[in-house]
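Note: the block below is start06.tsv and it holds TSV, C-alpha atoms and all ligand atoms.
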chain	number	residue	atom	x	y	z
T	1	MET	CA	108.50	53.65	149.44
T	2	PRO	CA	111.12	51.07	148.36
T	3	LEU	CA	109.86	47.71	147.06
T	4	LEU	CA	112.39	45.91	149.24
T	5	ASP	CA	113.48	47.73	152.38
T	6	ILE	CA	116.08	46.17	154.66
T	7	ARG	CA	117.52	48.08	157.59
T	8	ASN	CA	120.28	47.00	159.96
T	9	LEU	CA	120.22	43.34	159.02
T	10	SER	CA	122.68	41.25	161.03
T	11	ILE	CA	123.49	37.58	160.56
T	12	ASP	CA	125.26	35.66	163.32
T	13	ILE	CA	126.32	32.10	162.53
T	14	ASN	CA	127.22	29.45	165.09
T	15	THR	CA	130.42	27.81	163.92
T	16	SER	CA	133.11	25.60	165.49
T	17	GLN	CA	134.94	28.86	166.33
T	18	GLY	CA	131.90	30.19	168.19
T	19	LYS	CA	129.23	32.66	167.16
T	20	LEU	CA	130.45	34.88	164.30
T	21	ARG	CA	128.74	38.09	163.18
T	22	ILE	CA	129.19	37.68	159.43
T	23	VAL	CA	126.76	40.40	158.34
T	24	ASP	CA	126.67	43.48	160.55
T	25	LYS	CA	123.85	46.01	160.24
T	26	ALA	CA	123.56	45.89	156.47
T	27	SER	CA	120.92	48.10	154.84
T	28	LEU	CA	119.50	47.85	151.34
T	29	ALA	CA	116.57	49.76	149.82
T	30	ILE	CA	115.50	48.75	146.33
T	31	ASN	CA	113.10	50.91	144.35
T	32	GLU	CA	110.46	49.36	142.13
T	33	GLY	CA	111.56	49.23	138.49
T	34	SER	CA	115.24	49.81	139.21
T	35	ILE	CA	118.42	47.84	138.68
T	36	HIS	CA	120.21	47.96	142.03
T	37	ALA	CA	123.85	46.88	141.96
T	38	PHE	CA	125.13	45.26	145.15
T	39	ILE	CA	128.90	45.22	145.00
T	40	GLY	CA	131.51	43.69	147.26
T	41	GLU	CA	134.53	41.42	147.10
T	42	SER	CA	133.98	37.65	147.27
T	43	GLY	CA	133.21	36.68	150.86
T	44	SER	CA	131.67	40.02	151.82
T	45	GLY	CA	128.22	38.55	152.56
T	46	LYS	CA	126.14	39.18	149.42
T	47	SER	CA	124.91	35.59	149.01
T	48	LEU	CA	124.13	35.29	152.72
T	49	ILE	CA	121.92	38.36	152.49
T	50	ALA	CA	120.23	36.98	149.36
T	51	LYS	CA	119.44	33.73	151.19
T	52	VAL	CA	117.95	35.63	154.11
T	53	ILE	CA	115.80	37.73	151.75
T	54	LEU	CA	114.50	34.51	150.21
T	55	GLY	CA	114.07	32.83	153.60
T	56	ILE	CA	116.27	29.87	152.57
T	57	HIS	CA	118.96	30.39	155.21
T	58	GLU	CA	120.11	27.65	157.54
T	59	ASP	CA	118.59	27.04	160.97
T	60	ASN	CA	121.77	27.91	162.89
T	61	TRP	CA	121.84	31.47	161.53
T	62	ILE	CA	120.57	34.14	163.92
T	63	VAL	CA	118.96	36.82	161.81
T	64	THR	CA	117.94	40.20	163.22
T	65	ALA	CA	116.77	43.34	161.45
T	66	ASP	CA	115.14	46.65	162.32
T	67	ARG	CA	113.08	46.44	159.17
T	68	MET	CA	112.62	43.91	156.40
T	69	TYR	CA	109.70	44.72	154.17
T	70	LEU	CA	108.68	43.52	150.73
T	71	GLY	CA	106.14	46.14	149.67
T	72	THR	CA	103.78	46.29	152.64
T	73	THR	CA	104.65	42.80	153.93
T	74	ASP	CA	106.80	42.62	157.04
T	75	LEU	CA	109.02	39.60	156.27
T	76	THR	CA	110.18	39.32	159.89
T	77	LEU	CA	106.63	38.39	160.97
T	78	LEU	CA	106.33	35.43	158.60
T	79	SER	CA	107.29	31.87	159.45
T	80	LYS	CA	109.95	30.23	157.30
T	81	SER	CA	107.39	28.22	155.34
T	82	GLU	CA	105.15	31.28	154.78
T	83	ARG	CA	108.26	33.12	153.61
T	84	ARG	CA	109.16	30.41	151.11
T	85	LYS	CA	105.64	30.40	149.71
T	86	ILE	CA	105.61	34.14	149.13
T	87	MET	CA	109.14	34.15	147.85
T	88	GLY	CA	108.54	31.47	145.23
T	89	ASN	CA	106.23	33.81	143.37
T	90	GLU	CA	107.26	37.31	144.45
T	91	ILE	CA	111.05	37.04	144.52
T	92	SER	CA	113.07	34.87	142.16
T	93	MET	CA	116.75	34.25	142.07
T	94	ILE	CA	119.40	33.24	139.57
T	95	PHE	CA	122.82	32.01	140.63
T	96	GLN	CA	126.35	31.63	139.37
T	97	HIS	CA	127.16	28.34	137.58
T	98	PRO	CA	123.61	27.80	136.25
T	99	LYS	CA	124.34	24.26	135.05
T	100	SER	CA	124.74	23.09	138.63
T	101	TYR	CA	121.15	24.19	139.36
T	102	LEU	CA	119.66	22.29	136.43
T	103	ASP	CA	118.89	18.59	136.74
T	104	PRO	CA	121.28	16.74	134.37
T	105	THR	CA	118.82	13.85	133.92
T	106	LYS	CA	115.82	15.89	132.74
T	107	LYS	CA	115.11	17.64	129.48
T	108	ILE	CA	114.83	21.42	129.69
T	109	TYR	CA	111.12	21.46	128.85
T	110	TYR	CA	110.20	19.49	131.99
T	111	GLN	CA	112.44	21.62	134.22
T	112	VAL	CA	110.97	24.91	133.00
T	113	LYS	CA	107.45	23.47	133.25
T	114	GLU	CA	108.04	22.51	136.90
T	115	ALA	CA	109.30	26.02	137.68
T	116	LEU	CA	106.08	27.62	136.40
T	117	THR	CA	104.18	27.30	139.65
T	118	ASN	CA	101.95	30.30	138.99
T	119	THR	CA	99.48	28.48	136.73
T	120	SER	CA	97.18	31.47	136.17
T	121	ILE	CA	99.16	32.59	133.09
T	122	ILE	CA	98.87	29.14	131.50
T	123	GLU	CA	95.18	28.93	132.40
T	124	ARG	CA	94.64	32.31	130.74
T	125	LEU	CA	96.28	31.01	127.56
T	126	MET	CA	94.03	27.93	127.66
T	127	HIS	CA	91.02	30.18	127.99
T	128	THR	CA	91.87	32.89	125.45
T	129	LYS	CA	93.58	30.76	122.80
T	130	LYS	CA	91.58	27.57	123.40
T	131	TYR	CA	94.84	25.61	123.89
T	132	ASN	CA	94.95	22.37	125.82
T	133	LYS	CA	97.22	22.43	128.88
T	134	LYS	CA	100.25	20.97	127.12
T	135	SER	CA	100.07	23.43	124.19
T	136	ALA	CA	99.51	26.36	126.56
T	137	THR	CA	102.58	25.34	128.61
T	138	ARG	CA	104.73	25.01	125.49
T	139	GLN	CA	103.46	28.38	124.25
T	140	ARG	CA	104.29	30.04	127.58
T	141	ILE	CA	107.81	28.52	127.58
T	142	LYS	CA	108.29	29.65	123.99
T	143	GLU	CA	107.28	33.20	124.94
T	144	LEU	CA	109.66	33.19	127.91
T	145	PHE	CA	112.51	31.84	125.77
T	146	HIS	CA	111.98	34.57	123.19
T	147	ARG	CA	111.96	37.14	125.96
T	148	VAL	CA	115.42	36.00	127.08
T	149	GLY	CA	116.76	35.80	123.53
T	150	ILE	CA	116.51	32.03	122.90
T	151	GLN	CA	115.27	31.64	119.32
T	152	ASN	CA	115.63	27.89	118.69
T	153	ASP	CA	113.08	27.07	121.39
T	154	VAL	CA	112.07	23.62	120.05
T	155	THR	CA	115.65	22.29	120.08
T	156	ILE	CA	116.44	23.79	123.49
T	157	MET	CA	113.26	22.41	125.09
T	158	SER	CA	114.22	18.88	124.07
T	159	SER	CA	117.88	19.20	125.15
T	160	TYR	CA	119.63	18.09	128.33
T	161	PRO	CA	121.68	20.70	130.23
T	162	HIS	CA	125.04	19.09	129.32
T	163	GLU	CA	124.28	19.69	125.63
T	164	LEU	CA	124.04	23.45	126.19
T	165	SER	CA	126.51	26.24	126.97
T	166	GLU	CA	126.64	28.04	130.36
T	167	GLY	CA	125.30	31.17	128.65
T	168	ILE	CA	122.22	29.36	127.29
T	169	CYS	CA	121.69	27.64	130.67
T	170	GLN	CA	121.75	31.04	132.40
T	171	LYS	CA	119.17	32.35	129.90
T	172	ILE	CA	117.01	29.30	130.72
T	173	MET	CA	117.41	30.03	134.45
T	174	ILE	CA	116.35	33.63	133.80
T	175	ALA	CA	113.32	32.40	131.83
T	176	MET	CA	112.40	30.15	134.77
T	177	ALA	CA	112.96	32.97	137.26
T	178	ILE	CA	110.72	35.45	135.44
T	179	GLY	CA	108.11	32.84	134.49
T	180	ASN	CA	105.95	33.49	137.55
T	181	ASN	CA	106.08	37.29	137.08
T	182	PRO	CA	108.02	37.96	140.30
T	183	ARG	CA	108.17	41.49	141.71
T	184	ILE	CA	111.93	41.30	142.03
T	185	LEU	CA	114.71	39.24	140.49
T	186	ILE	CA	117.90	38.64	142.47
T	187	ALA	CA	120.86	37.87	140.23
T	188	ASP	CA	123.74	36.56	142.35
T	189	GLU	CA	126.94	36.94	140.31
T	190	PRO	CA	125.12	35.56	137.26
T	191	THR	CA	128.08	35.65	134.87
T	192	THR	CA	130.88	34.12	136.96
T	193	ALA	CA	133.23	31.98	134.85
T	194	MET	CA	131.62	33.06	131.56
T	195	ASP	CA	133.60	34.56	128.69
T	196	ALA	CA	133.42	38.32	128.16
T	197	GLU	CA	130.95	38.19	125.23
T	198	THR	CA	128.52	35.89	127.11
T	199	GLN	CA	128.78	38.11	130.20
T	200	ALA	CA	127.91	41.14	128.09
T	201	GLN	CA	124.94	39.26	126.58
T	202	ILE	CA	123.55	38.33	130.01
T	203	PHE	CA	123.92	41.90	131.29
T	204	ARG	CA	122.24	43.25	128.12
T	205	LEU	CA	119.41	40.78	128.70
T	206	LEU	CA	118.91	41.86	132.32
T	207	TYR	CA	118.98	45.50	131.21
T	208	LYS	CA	116.38	44.77	128.52
T	209	LEU	CA	114.10	42.97	131.01
T	210	ASN	CA	114.32	46.02	133.23
T	211	GLN	CA	113.72	48.55	130.46
T	212	LEU	CA	110.99	46.71	128.51
T	213	HIS	CA	109.25	44.78	131.27
T	214	LYS	CA	109.95	47.03	134.29
T	215	MET	CA	111.55	44.10	136.10
T	216	THR	CA	113.13	45.17	139.40
T	217	ILE	CA	116.57	43.59	139.65
T	218	LEU	CA	119.04	43.23	142.51
T	219	LEU	CA	122.31	42.53	140.72
T	220	MET	CA	125.10	41.19	142.94
T	221	SER	CA	128.68	41.27	141.76
T	222	ASN	CA	132.29	41.52	142.88
T	223	ASN	CA	133.11	43.50	139.76
T	224	PHE	CA	132.16	47.15	139.92
T	225	ALA	CA	133.25	47.90	136.36
T	226	SER	CA	131.07	45.29	134.70
T	227	ILE	CA	127.73	46.37	136.16
T	228	ARG	CA	127.95	50.01	137.17
T	229	ASP	CA	126.69	51.36	133.84
T	230	ILE	CA	123.45	49.38	133.78
T	231	SER	CA	122.54	50.29	137.37
T	232	ASP	CA	120.26	53.03	138.70
T	233	HIS	CA	121.37	52.53	142.30
T	234	ILE	CA	124.54	51.10	143.80
T	235	THR	CA	125.25	49.73	147.29
T	236	LEU	CA	128.73	48.68	148.37
T	237	ILE	CA	129.35	46.06	151.05
T	238	TYR	CA	132.64	45.36	152.79
T	239	SER	CA	133.06	42.39	155.14
T	240	GLY	CA	129.35	42.22	155.95
T	241	GLN	CA	128.91	45.99	156.50
T	242	THR	CA	127.18	48.09	153.86
T	243	VAL	CA	129.45	51.12	153.54
T	244	GLU	CA	127.88	53.39	150.92
T	245	SER	CA	124.70	53.51	148.90
T	246	GLY	CA	123.25	55.97	146.43
T	247	THR	CA	122.14	56.66	142.90
T	248	TYR	CA	124.44	55.81	140.00
T	249	LYS	CA	125.40	59.48	139.80
T	250	GLN	CA	126.04	59.89	143.54
T	251	ILE	CA	128.29	56.85	143.67
T	252	THR	CA	130.20	57.27	140.43
T	253	LYS	CA	130.54	61.09	140.46
T	254	ASN	CA	130.84	61.70	144.19
T	255	PRO	CA	132.05	58.56	145.96
T	256	LEU	CA	132.68	59.43	149.60
T	257	HIS	CA	133.55	56.27	151.48
T	258	PRO	CA	137.24	55.25	151.29
T	259	TYR	CA	136.24	51.77	150.08
T	260	THR	CA	134.12	53.13	147.22
T	261	GLN	CA	136.80	55.66	146.34
T	262	ALA	CA	139.34	52.85	146.09
T	263	MET	CA	137.00	50.84	143.83
T	264	ILE	CA	136.41	53.84	141.58
T	265	LYS	CA	140.10	54.70	141.47
T	266	THR	CA	140.89	51.21	140.17
T	267	ILE	CA	138.25	51.43	137.45
T	268	VAL	CA	139.23	54.92	136.36
T	269	ALA	CA	142.85	53.82	135.98
T	270	PHE	CA	141.67	50.84	133.95
T	271	ASP	CA	139.26	52.87	131.79
T	272	GLU	CA	141.89	55.46	131.02
T	273	GLY	CA	144.26	52.81	129.75
T	274	VAL	CA	147.17	52.08	132.02
T	275	GLU	CA	150.70	51.51	130.77
T	276	HIS	CA	151.70	47.93	130.01
T	277	LYS	CA	152.62	46.06	133.24
T	278	SER	CA	151.97	49.10	135.46
T	279	LEU	CA	150.27	48.37	138.79
T	280	LEU	CA	146.58	49.17	139.25
T	281	TYR	CA	145.53	51.04	142.37
T	282	THR	CA	144.33	48.76	145.13
T	283	LEU	CA	143.85	48.97	148.89
T	284	PRO	CA	146.63	47.21	150.80
T	285	GLY	CA	145.73	43.92	152.50
T	286	ASN	CA	142.84	41.52	152.02
T	287	LEU	CA	139.26	41.06	153.11
T	288	PRO	CA	139.42	39.65	156.67
T	289	SER	CA	138.36	36.04	157.13
T	290	SER	CA	135.12	35.57	159.06
T	291	SER	CA	137.04	34.43	162.17
T	292	GLU	CA	139.32	37.51	162.21
T	293	ILE	CA	136.88	40.34	161.73
T	294	PRO	CA	138.17	43.69	163.07
T	295	ILE	CA	136.04	45.46	165.68
T	296	GLY	CA	134.27	48.71	164.78
T	297	CYS	CA	134.62	49.69	161.15
T	298	ARG	CA	135.81	46.55	159.43
T	299	LEU	CA	137.75	48.46	156.76
T	300	GLY	CA	140.01	49.85	159.55
T	301	PRO	CA	143.20	47.83	158.89
T	302	ARG	CA	143.09	48.69	155.17
T	303	CYS	CA	141.69	52.20	155.33
T	304	PRO	CA	144.03	55.03	154.28
T	305	ILE	CA	142.37	57.53	156.65
T	306	ALA	CA	141.68	55.31	159.67
T	307	GLN	CA	142.03	56.84	163.14
T	308	LYS	CA	141.63	55.63	166.72
T	309	LYS	CA	137.88	56.22	166.68
T	310	CYS	CA	137.47	53.62	163.93
T	311	VAL	CA	137.48	50.80	166.50
T	312	GLU	CA	133.97	52.07	167.27
T	313	ASP	CA	131.19	51.13	164.89
T	314	PRO	CA	130.31	54.16	162.69
T	315	GLU	CA	126.64	55.11	162.36
T	316	GLN	CA	125.16	55.31	158.89
T	317	VAL	CA	124.39	58.88	157.80
T	318	ASN	CA	121.92	59.83	155.11
T	319	TYR	CA	122.46	62.86	152.89
T	320	LYS	CA	119.58	63.16	150.38
T	321	GLY	CA	119.47	59.40	149.92
T	322	HIS	CA	123.26	59.08	149.74
T	323	LEU	CA	124.11	56.76	152.65
T	324	ILE	CA	127.60	56.58	154.14
T	325	ARG	CA	128.98	54.61	157.06
T	326	CYS	CA	132.20	56.33	158.17
T	327	HIS	CA	133.13	58.46	161.21
T	328	PHE	CA	134.92	61.11	159.19
T	329	ILE	CA	132.53	62.16	156.47
T	330	LYS	CA	130.43	65.11	157.54
T	331	LEU	CA	127.75	65.19	154.90
T	332	GLU	CA	125.52	67.67	156.65
T	333	GLN	CA	128.09	70.47	156.26
T	334	SER	CA	128.82	70.18	152.57
T	335	LYS	CA	128.62	67.59	149.89
T	336	TYR	CA	132.35	67.71	149.26
T	337	ALA	CA	133.86	69.60	152.21
T	338	ASN	CA	135.23	66.77	154.31
T	339	THR	CA	135.67	64.12	151.70
T	340	PRO	CA	138.79	62.28	152.86
T	341	LYS	CA	141.89	62.59	150.71
T	342	TYR	CA	144.30	59.74	150.17
T	343	LYS	CA	147.74	59.91	151.71
T	401	LIG	N1	126.88	28.45	155.94
T	401	LIG	C1	127.89	29.21	156.37
T	401	LIG	N2	128.40	29.06	157.61
T	401	LIG	C2	129.42	29.83	158.05
T	401	LIG	N3	129.98	30.81	157.31
T	401	LIG	C3	129.52	30.99	156.07
T	401	LIG	C4	128.44	30.22	155.53
T	401	LIG	N4	128.20	30.63	154.25
T	401	LIG	C5	129.10	31.62	154.02
T	401	LIG	N5	129.88	31.84	155.10
T	401	LIG	C6	130.94	32.86	155.23
T	401	LIG	O1	130.29	34.12	155.17
T	401	LIG	C7	131.08	35.05	154.45
T	401	LIG	C8	130.23	35.67	153.36
T	401	LIG	O2	129.95	34.69	152.38
T	401	LIG	P1	129.07	34.97	151.08
T	401	LIG	O3	127.78	35.58	151.45
T	401	LIG	O4	129.03	33.72	150.31
T	401	LIG	O5	129.96	36.07	150.32
T	401	LIG	P2	129.78	36.66	148.84
T	401	LIG	O6	128.50	36.14	148.30
T	401	LIG	O7	129.80	38.14	149.01
T	401	LIG	O8	130.97	36.19	148.07
T	401	LIG	C9	132.30	34.30	153.96
T	401	LIG	O9	133.37	34.58	154.83
T	401	LIG	C10	131.91	32.86	154.05
T	401	LIG	O10	133.02	32.06	154.33
T	402	LIG	S1	135.20	54.68	159.86
T	402	LIG	FE1	137.43	54.84	159.91
T	402	LIG	S2	138.20	52.90	159.07
T	402	LIG	FE2	136.04	53.09	158.52
T	402	LIG	S3	136.04	54.01	156.50
T	402	LIG	FE3	135.82	55.68	157.97
T	402	LIG	S4	137.91	56.35	158.36
T	402	LIG	FE4	138.08	54.36	157.38
T	403	MG	MG	128.20	35.00	146.58
Spit out the file's structure as structure tokens when you get a sec.
Amino acid sequence: MPLLDIRNLSIDINTSQGKLRIVDKASLAINEGSIHAFIGESGSGKSLIAKVILGIHEDNWIVTADRMYLGTTDLTLLSKSERRKIMGNEISMIFQHPKSYLDPTKKIYYQVKEALTNTSIIERLMHTKKYNKKSATRQRIKELFHRVGIQNDVTIMSSYPHELSEGICQKIMIAMAIGNNPRILIADEPTTAMDAETQAQIFRLLYKLNQLHKMTILLMSNNFASIRDISDHITLIYSGQTVESGTYKQITKNPLHPYTQAMIKTIVAFDEGVEHKSLLYTLPGNLPSSSEIPIGCRLGPRCPIAQKKCVEDPEQVNYKGHLIRCHFIKLEQSKYANTPKYK
């Protein structure tokens, strides 16, 4: 049974242009102990889904789902405040631009201390090591900092956010997020605007937390290439519709949906070293804006194999855990038989 199981989640938002279905029957199943990559271009609905999982969405969003379970808890049955309470300890989140989430007027020590709402770990330290509360808190923060690769803990604890780099601030956010021993960590584009070396460090850190501490991670990104190799499972989302989902091997070795195939084609060209100034493969057109969403399969206007039927919404099919949402992929006949070919 997945740790987080979301089926056919839709989010309608009332805007000045009327009610818009931004997320349309998205499904996401995250296994305990895995790193699940959730990939889609900017504006495809990843952050909206994260907010709904955490229960921090706005009041004018209409959220419906066939299933939304965290372990054995049905999240759809909880009130917003009950949701927030559970989420604080069971699901944590880190965001892009970590500095904007830290209070510029407070030293790091006080901010991390406030985030440690699950006091049982600190109480245990007080009991076993005979620390007073302040020493136990400092010890716990030190442990968390070491876990995320911050060595100079004393200096960092007494610093203000503006004195630190984005990379260090993200490590602090990760320390805060894992401090209450959550069951799942959602990382929403955690390395946006960071240089390549810092990005690699943050991804290595998330991978280490998963491998050494069995932390379940939902890693959201618009960059397939940067996160595919640390993921066990991958789900792709296009304009609010999840289009394909499967294991790392299923998605990278046997991508079936035209959107995934286009993503992979771009990466392969890049990995193989393209000629100077040659064009990379890309689908024509752009992600539709939320007020101009196509009916049926939203990839339609950009899809190289689209047909008339695509104005109808395709059902999701499941072939041994490999999920595809396209009218023209007949998985039940053969794994490869009807894989669409590009024109
Ligand atoms: N509060 C909101 N009200 C209306 N539309 C929104 C709101 N937040 C985001 N959107 C729209 O929803 C779409 C998905 O946004 P988002 O989830 O932030 O995408 P992603 O995280 O994949 O980049 C975008 O078109 C965005 O403009
Ligand atoms: S349903 Fe149609 S438009 Fe959508 S991916 Fe399949 S072929 Fe393309
Ligand atoms: Mg986002």
Once you count all atoms listed in the file, which residues end up within 9 Å of ligand LIG 401 (chain T), and could you hand them over as a PyMOL selection string? chain T and resi 12-15+20+22-23+39-51+57-58+60-61+188-189+220-222+237-240+287-291
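If you measure from each of T:Ser92, T:Thr117, T:Thr73, T:Thr260 to ligand LIG 402 (chain T) using only C-alpha atoms and all ligand atoms, the closest one turns out to be T:Thr260.
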Contacts with ligand LIG 402 (chain T) at most 12 Å, all atoms listed in the file counted, listed as a PyMOL selection string: chain T and resi 237-239+241-244+256-262+283+294-317+324-330+338-342
From the list T:Met194, T:Leu219, T:Ile122, T:Ile178, which residue is nearest ligand MG 403 (chain T) when using only C-alpha atoms and all ligand atoms?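 Closest residue, counting only C-alpha atoms and all ligand atoms: T:Leu219.
Using all atoms listed in the file, the contacts of Tyr160 in chain T at a cut-off of 8 Å, with sequence neighbours closer than 6 positions omitted, comprise Pro104, Thr105, Lys106, Lys107 and Ile108 of chain T.
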Closest of T:Thr191, T:Thr216, T:Thr247, T:Ser226 to ligand MG 403 (chain T), counting all atoms listed in the file, is T:Thr191
Just how far from CA of Arg67 in chain T is CA of Ser231 in chain T, in Å to one decimal?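 CA of Arg67 in chain T lies 24.1 Å from CA of Ser231 in chain T.
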From T:Val148, T:Leu323, T:Leu54, T:Ile174, residue lying nearest Gly246 in chain T [all atoms listed in the file]: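 Smallest separation from Gly246 in chain T among the options: T:Leu323.
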Between CA of Asn223 in chain T and CA of Lys253 in chain T, measure the distance and give it in Å to one decimal.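 Atom-to-atom, CA of Asn223 in chain T and CA of Lys253 in chain T are spaced 17.8 Å apart.
For the choices T:Thr192, T:Ser27, T:Ser165, T:Thr64, the atom-to-atom distance to ligand MG 403 (chain T) is smallest for T:Thr192 when using all atoms listed in the file.
Closest approach to ligand MG 403 (chain T) among T:Gln170, T:Thr128, T:Thr266, T:Gln96: T:Gln96, based on all atoms listed in the file.
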What would range 66-73 of chain T look like with all heavy atoms in place, written as a PDB file, in the frame of the given file?
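In the end it all went to out_19.pdb:
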ATOM      1  N   ASP T  66     116.093  45.636 161.876  1.00  0.00           N
ATOM      2  CA  ASP T  66     115.140  46.650 162.320  1.00  0.00           C
ATOM      3  C   ASP T  66     113.935  46.694 161.395  1.00  0.00           C
ATOM      4  O   ASP T  66     112.833  47.036 161.803  1.00  0.00           O
ATOM      5  CB  ASP T  66     115.805  48.046 162.332  1.00  0.00           C
ATOM      6  CG  ASP T  66     116.832  48.157 163.440  1.00  0.00           C
ATOM      7  OD1 ASP T  66     116.839  47.259 164.305  1.00  0.00           O
ATOM      8  OD2 ASP T  66     117.621  49.113 163.422  1.00  0.00           O
ATOM      9  N   ARG T  67     114.178  46.382 160.137  1.00  0.00           N
ATOM     10  CA  ARG T  67     113.080  46.440 159.170  1.00  0.00           C
ATOM     11  C   ARG T  67     113.420  45.519 158.007  1.00  0.00           C
ATOM     12  O   ARG T  67     114.558  45.495 157.523  1.00  0.00           O
ATOM     13  CB  ARG T  67     112.956  47.884 158.668  1.00  0.00           C
ATOM     14  CG  ARG T  67     111.747  48.146 157.818  1.00  0.00           C
ATOM     15  CD  ARG T  67     111.687  49.642 157.443  1.00  0.00           C
ATOM     16  NE  ARG T  67     110.730  49.829 156.376  1.00  0.00           N
ATOM     17  CZ  ARG T  67     109.420  49.970 156.560  1.00  0.00           C
ATOM     18  NH1 ARG T  67     108.921  49.990 157.765  1.00  0.00           N
ATOM     19  NH2 ARG T  67     108.606  50.103 155.532  1.00  0.00           N
ATOM     20  N   MET T  68     112.429  44.770 157.571  1.00  0.00           N
ATOM     21  CA  MET T  68     112.620  43.910 156.400  1.00  0.00           C
ATOM     22  C   MET T  68     111.275  43.768 155.708  1.00  0.00           C
ATOM     23  O   MET T  68     110.492  42.878 156.024  1.00  0.00           O
ATOM     24  CB  MET T  68     113.132  42.539 156.872  1.00  0.00           C
ATOM     25  CG  MET T  68     114.121  41.962 155.918  1.00  0.00           C
ATOM     26  SD  MET T  68     115.017  40.653 156.692  1.00  0.00           S
ATOM     27  CE  MET T  68     115.012  39.515 155.374  1.00  0.00           C
ATOM     28  N   TYR T  69     110.996  44.675 154.818  1.00  0.00           N
ATOM     29  CA  TYR T  69     109.700  44.720 154.170  1.00  0.00           C
ATOM     30  C   TYR T  69     109.814  44.431 152.672  1.00  0.00           C
ATOM     31  O   TYR T  69     110.710  44.942 152.001  1.00  0.00           O
ATOM     32  CB  TYR T  69     109.087  46.132 154.319  1.00  0.00           C
ATOM     33  CG  TYR T  69     108.233  46.290 155.562  1.00  0.00           C
ATOM     34  CD1 TYR T  69     108.810  46.306 156.825  1.00  0.00           C
ATOM     35  CD2 TYR T  69     106.851  46.424 155.460  1.00  0.00           C
ATOM     36  CE1 TYR T  69     108.028  46.446 157.956  1.00  0.00           C
ATOM     37  CE2 TYR T  69     106.060  46.580 156.588  1.00  0.00           C
ATOM     38  CZ  TYR T  69     106.656  46.582 157.840  1.00  0.00           C
ATOM     39  OH  TYR T  69     105.888  46.728 158.959  1.00  0.00           O
ATOM     40  N   LEU T  70     108.871  43.646 152.169  1.00  0.00           N
ATOM     41  CA  LEU T  70     108.680  43.520 150.730  1.00  0.00           C
ATOM     42  C   LEU T  70     107.345  44.196 150.450  1.00  0.00           C
ATOM     43  O   LEU T  70     106.293  43.680 150.858  1.00  0.00           O
ATOM     44  CB  LEU T  70     108.632  42.053 150.304  1.00  0.00           C
ATOM     45  CG  LEU T  70     108.316  41.829 148.831  1.00  0.00           C
ATOM     46  CD1 LEU T  70     109.405  42.357 147.924  1.00  0.00           C
ATOM     47  CD2 LEU T  70     108.084  40.345 148.535  1.00  0.00           C
ATOM     48  N   GLY T  71     107.376  45.347 149.821  1.00  0.00           N
ATOM     49  CA  GLY T  71     106.140  46.140 149.670  1.00  0.00           C
ATOM     50  C   GLY T  71     105.603  46.458 151.046  1.00  0.00           C
ATOM     51  O   GLY T  71     106.316  47.012 151.888  1.00  0.00           O
ATOM     52  N   THR T  72     104.363  46.019 151.316  1.00  0.00           N
ATOM     53  CA  THR T  72     103.780  46.290 152.640  1.00  0.00           C
ATOM     54  C   THR T  72     103.869  45.069 153.568  1.00  0.00           C
ATOM     55  O   THR T  72     103.322  45.084 154.659  1.00  0.00           O
ATOM     56  CB  THR T  72     102.292  46.690 152.480  1.00  0.00           C
ATOM     57  OG1 THR T  72     101.655  45.663 151.716  1.00  0.00           O
ATOM     58  CG2 THR T  72     102.136  48.023 151.788  1.00  0.00           C
ATOM     59  N   THR T  73     104.539  44.014 153.103  1.00  0.00           N
ATOM     60  CA  THR T  73     104.650  42.800 153.930  1.00  0.00           C
ATOM     61  C   THR T  73     105.890  42.829 154.801  1.00  0.00           C
ATOM     62  O   THR T  73     107.010  42.980 154.289  1.00  0.00           O
ATOM     63  CB  THR T  73     104.701  41.541 153.016  1.00  0.00           C
ATOM     64  OG1 THR T  73     103.628  41.588 152.103  1.00  0.00           O
ATOM     65  CG2 THR T  73     104.647  40.258 153.816  1.00  0.00           C
TER      66      THR T  73
END
